Every structure is written in C-alpha cells, then in structure tokens.
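Right, one structure below, let's go through it.
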Amino acid sequence: MSTLDDVKIDEKVKVKIKEPGLYKVIFLNDDKTPMDFVVSLLVELFKHTRDTAEALTMKIHEEGSGVVGLYIYEIAEQKAIEATTLCRDSGFPLRIKIEEE
C-alpha cells in the first residue's frame, strides 16, 4: 500500500516573466493651443527640462506631432488623461494619443 509521502514530483515549473510593453504619449499639433502652454505641460506633467520642452514643442509644431513620453500602458494612459483634462480646463483643443511602441 502506498502513502502520499511516497509520491515524488520531479517536474520543475518554469516561470517566464514578460516585461510590460511601452506606450508612446503623442501630442498632435493644432493652431489654437499656445506654445507656452504646451511647454508648461511638458515641464510640469512630463518632467522635461525647459530646453527639452521647448525643442519638443517646436518639433510638434513643425512636424505635426511628437512623442513626449514613453511609459507602461497605465502610466501613459494616466498622463494622457491628465494632460487632456488640463488642456480642456484651460480651453485648448490639444489632442493627445497613446500608441504601442
């Protein structure tokens, strides 16, 4: 007669951890949102330096859009929502989207 103590499991469980994917937060240019407002968003919310924020704002203005941050999905979504809310509360139509990298 066999007991439970006699049973031996020789299998090893391999755990694969996948890093979360990154998402780009993208600002889309418009003709109504002032550049100073965009710069302040980039400095305050996205933690860019003033010089980097100004360069990014010019890139967005000249090219029509620009990546302002790269985050895991939840953070990218939260930053996009916060930035959109600040824009709308200030009366500006700046559009912000997120895309998988």
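Residue numbering restarts at 1 in every chain; chains get A, B, ... in the order shown in the structure tokens, and ligands count up from 1 in that same order.
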Please provide as an MDAnalysis selection string all residues within 10 Å of stretch 18-23 of chain A, with the sequence filter that same-chain residues fewer than 3 positions apart are discarded (counting only C-alpha atoms).
-> chainID A and resid 15 26 67 69:77 97:101
Atoms to include: C-alpha atoms. Write the selected residues as a JSON list (two decimals), in the first residue's frame.
[["chain", "number", "residue", "atom", "x", "y", "z"],
["A", 15, "VAL", "CA", 8.08, 30.91, -14.82],
["A", 26, "ILE", "CA", 1.97, 61.73, -28.54],
["A", 67, "VAL", "CA", 6.39, 61.75, -28.76],
["A", 69, "GLY", "CA", 6.99, 60.33, -23.20],
["A", 70, "LEU", "CA", 7.38, 56.56, -23.15],
["A", 71, "TYR", "CA", 5.68, 54.63, -20.33],
["A", 72, "ILE", "CA", 3.95, 51.39, -19.45],
["A", 73, "TYR", "CA", 0.32, 51.48, -20.54],
["A", 74, "GLU", "CA", -1.27, 52.55, -17.26],
["A", 75, "ILE", "CA", 1.09, 55.47, -16.77],
["A", 76, "ALA", "CA", 0.85, 56.55, -20.42],
["A", 77, "GLU", "CA", -2.94, 56.50, -20.16],
["A", 97, "LYS", "CA", -2.96, 59.98, -28.06],
["A", 98, "ILE", "CA", -1.10, 56.89, -26.94],
["A", 99, "GLU", "CA", 0.36, 54.21, -29.20],
["A", 100, "GLU", "CA", 2.18, 50.98, -28.51],
["A", 101, "GLU", "CA", 5.86, 51.21, -29.31]]
Using DSSP on the backbone, list every residue of chain A that comes out as strand (DSSP E), and give them as a PyMOL selection string.
-> chain A and resi 22-28+65-72+95-100
Computed interatomic separation between atom CA of A:Gly66 and atom CA of A:Leu28 (Å) =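 Calculated distance between atom CA of A:Gly66 and atom CA of A:Leu28 is 6.9 Å.
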Just the residues within 9 Å of stretch 40-48 of chain A, please, counting only C-alpha atoms, with nothing from its chain fewer than 5 positions along; format it as a PyMOL selection string.
-> chain A and resi 35+53-54+56-57+68-69+79+82-83+86-87
Would you mind reading off the distance between atom CA of A:Ile17 and atom CA of A:Ile81, one decimal, in Å?
-> 28.7 Å
Which value, in Å to one decimal, gives the distance between atom CA of A:Val25 and atom CA of A:Ile96?
-> 7.0 Å
Let's see if you can do this: from backbone DSSP, list all helix (DSSP H, G or I) residues in chain A, as a CSV table (one decimal) with N, CA and C atoms, in the first residue's frame.
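selection_12.csv, written as the output of this step:
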chain,number,residue,atom,x,y,z
A,4,LEU,N,0.9,8.9,0.6
A,4,LEU,CA,1.2,10.2,0.0
A,4,LEU,C,2.6,10.6,0.1
A,5,ASP,N,3.3,10.2,1.1
A,5,ASP,CA,4.7,10.5,1.3
A,5,ASP,C,5.6,9.9,0.3
A,6,ASP,N,5.1,8.8,-0.3
A,6,ASP,CA,5.9,8.1,-1.3
A,6,ASP,C,6.0,8.7,-2.7
A,35,MET,N,2.0,77.8,-27.6
A,35,MET,CA,3.3,77.0,-27.4
A,35,MET,C,3.7,77.1,-26.0
A,36,ASP,N,3.5,78.2,-25.3
A,36,ASP,CA,3.9,78.4,-23.9
A,36,ASP,C,3.1,77.4,-23.0
A,37,PHE,N,1.9,77.1,-23.4
A,37,PHE,CA,1.0,76.2,-22.6
A,37,PHE,C,1.6,74.8,-22.8
A,38,VAL,N,1.9,74.4,-24.0
A,38,VAL,CA,2.5,73.1,-24.3
A,38,VAL,C,3.8,72.9,-23.6
A,39,VAL,N,4.6,73.9,-23.6
A,39,VAL,CA,5.9,73.8,-22.9
A,39,VAL,C,5.7,73.6,-21.4
A,40,SER,N,4.7,74.3,-20.8
A,40,SER,CA,4.4,74.2,-19.4
A,40,SER,C,3.9,72.8,-19.1
A,41,LEU,N,3.1,72.2,-20.0
A,41,LEU,CA,2.6,70.8,-19.8
A,41,LEU,C,3.8,69.9,-19.8
A,42,LEU,N,4.7,70.0,-20.7
A,42,LEU,CA,5.8,69.1,-20.8
A,42,LEU,C,6.8,69.2,-19.6
A,43,VAL,N,6.9,70.4,-19.1
A,43,VAL,CA,7.8,70.6,-17.9
A,43,VAL,C,7.1,70.1,-16.6
A,44,GLU,N,5.8,70.5,-16.4
A,44,GLU,CA,5.1,70.1,-15.2
A,44,GLU,C,4.7,68.7,-15.1
A,50,ARG,N,13.2,72.7,-19.3
A,50,ARG,CA,12.6,73.8,-20.1
A,50,ARG,C,13.2,73.7,-21.5
A,51,ASP,N,14.5,73.5,-21.7
A,51,ASP,CA,15.1,73.4,-23.0
A,51,ASP,C,14.5,72.3,-23.8
A,52,THR,N,14.4,71.1,-23.2
A,52,THR,CA,13.9,69.9,-23.9
A,52,THR,C,12.4,70.2,-24.3
A,53,ALA,N,11.6,70.8,-23.4
A,53,ALA,CA,10.2,71.0,-23.7
A,53,ALA,C,10.1,72.0,-24.8
A,54,GLU,N,10.9,73.0,-24.9
A,54,GLU,CA,10.8,74.0,-26.0
A,54,GLU,C,11.2,73.3,-27.3
A,55,ALA,N,12.2,72.5,-27.3
A,55,ALA,CA,12.6,71.8,-28.5
A,55,ALA,C,11.5,70.8,-29.0
A,56,LEU,N,10.9,70.1,-28.0
A,56,LEU,CA,9.8,69.2,-28.4
A,56,LEU,C,8.6,69.9,-28.9
A,57,THR,N,8.3,71.1,-28.3
A,57,THR,CA,7.2,71.9,-28.8
A,57,THR,C,7.4,72.4,-30.2
A,58,MET,N,8.6,72.8,-30.5
A,58,MET,CA,8.9,73.2,-31.9
A,58,MET,C,8.8,72.0,-32.9
A,59,LYS,N,9.3,70.8,-32.5
A,59,LYS,CA,9.2,69.6,-33.3
A,59,LYS,C,7.7,69.3,-33.6
A,60,ILE,N,6.9,69.4,-32.6
A,60,ILE,CA,5.5,69.1,-32.7
A,60,ILE,C,4.8,70.1,-33.7
A,61,HIS,N,5.2,71.4,-33.5
A,61,HIS,CA,4.7,72.4,-34.4
A,61,HIS,C,5.1,72.2,-35.8
A,62,GLU,N,6.4,71.9,-36.0
A,62,GLU,CA,6.9,71.8,-37.4
A,62,GLU,C,6.5,70.4,-38.1
A,63,GLU,N,6.4,69.3,-37.3
A,63,GLU,CA,6.2,68.0,-37.9
A,63,GLU,C,4.8,67.6,-37.8
A,73,TYR,N,1.6,51.0,-20.1
A,73,TYR,CA,0.3,51.5,-20.5
A,73,TYR,C,-0.4,52.3,-19.5
A,74,GLU,N,-0.5,51.9,-18.3
A,74,GLU,CA,-1.3,52.5,-17.3
A,74,GLU,C,-0.8,54.0,-17.0
A,75,ILE,N,0.5,54.1,-17.0
A,75,ILE,CA,1.1,55.5,-16.8
A,75,ILE,C,0.9,56.3,-18.0
A,76,ALA,N,1.1,55.8,-19.2
A,76,ALA,CA,0.8,56.5,-20.4
A,76,ALA,C,-0.6,57.0,-20.5
A,77,GLU,N,-1.5,56.1,-20.1
A,77,GLU,CA,-2.9,56.5,-20.2
A,77,GLU,C,-3.2,57.6,-19.2
A,78,GLN,N,-2.7,57.5,-17.9
A,78,GLN,CA,-2.9,58.5,-16.9
A,78,GLN,C,-2.4,59.8,-17.3
A,79,LYS,N,-1.2,59.8,-17.8
A,79,LYS,CA,-0.5,61.1,-18.3
A,79,LYS,C,-1.4,61.8,-19.4
A,80,ALA,N,-1.8,60.9,-20.3
A,80,ALA,CA,-2.6,61.5,-21.4
A,80,ALA,C,-3.9,62.1,-20.9
A,81,ILE,N,-4.6,61.4,-20.0
A,81,ILE,CA,-5.8,61.9,-19.4
A,81,ILE,C,-5.6,63.2,-18.6
A,82,GLU,N,-4.5,63.2,-17.8
A,82,GLU,CA,-4.2,64.4,-17.0
A,82,GLU,C,-3.9,65.6,-18.0
A,83,ALA,N,-3.1,65.4,-19.0
A,83,ALA,CA,-2.8,66.4,-19.9
A,83,ALA,C,-4.0,66.9,-20.7
A,84,THR,N,-4.9,66.0,-21.1
A,84,THR,CA,-6.1,66.4,-21.8
A,84,THR,C,-7.0,67.2,-20.9
A,85,THR,N,-7.2,66.8,-19.7
A,85,THR,CA,-8.0,67.5,-18.7
A,85,THR,C,-7.5,68.9,-18.5
A,86,LEU,N,-6.2,69.0,-18.3
A,86,LEU,CA,-5.6,70.4,-18.2
A,86,LEU,C,-5.9,71.3,-19.4
A,87,CYS,N,-5.7,70.7,-20.6
A,87,CYS,CA,-6.0,71.4,-21.8
A,87,CYS,C,-7.4,71.9,-21.9
A,88,ARG,N,-8.4,71.0,-21.7
A,88,ARG,CA,-9.8,71.3,-21.8
A,88,ARG,C,-10.2,72.3,-20.7
A,89,ASP,N,-9.7,72.1,-19.5
A,89,ASP,CA,-10.0,73.1,-18.4
A,89,ASP,C,-9.5,74.5,-18.7
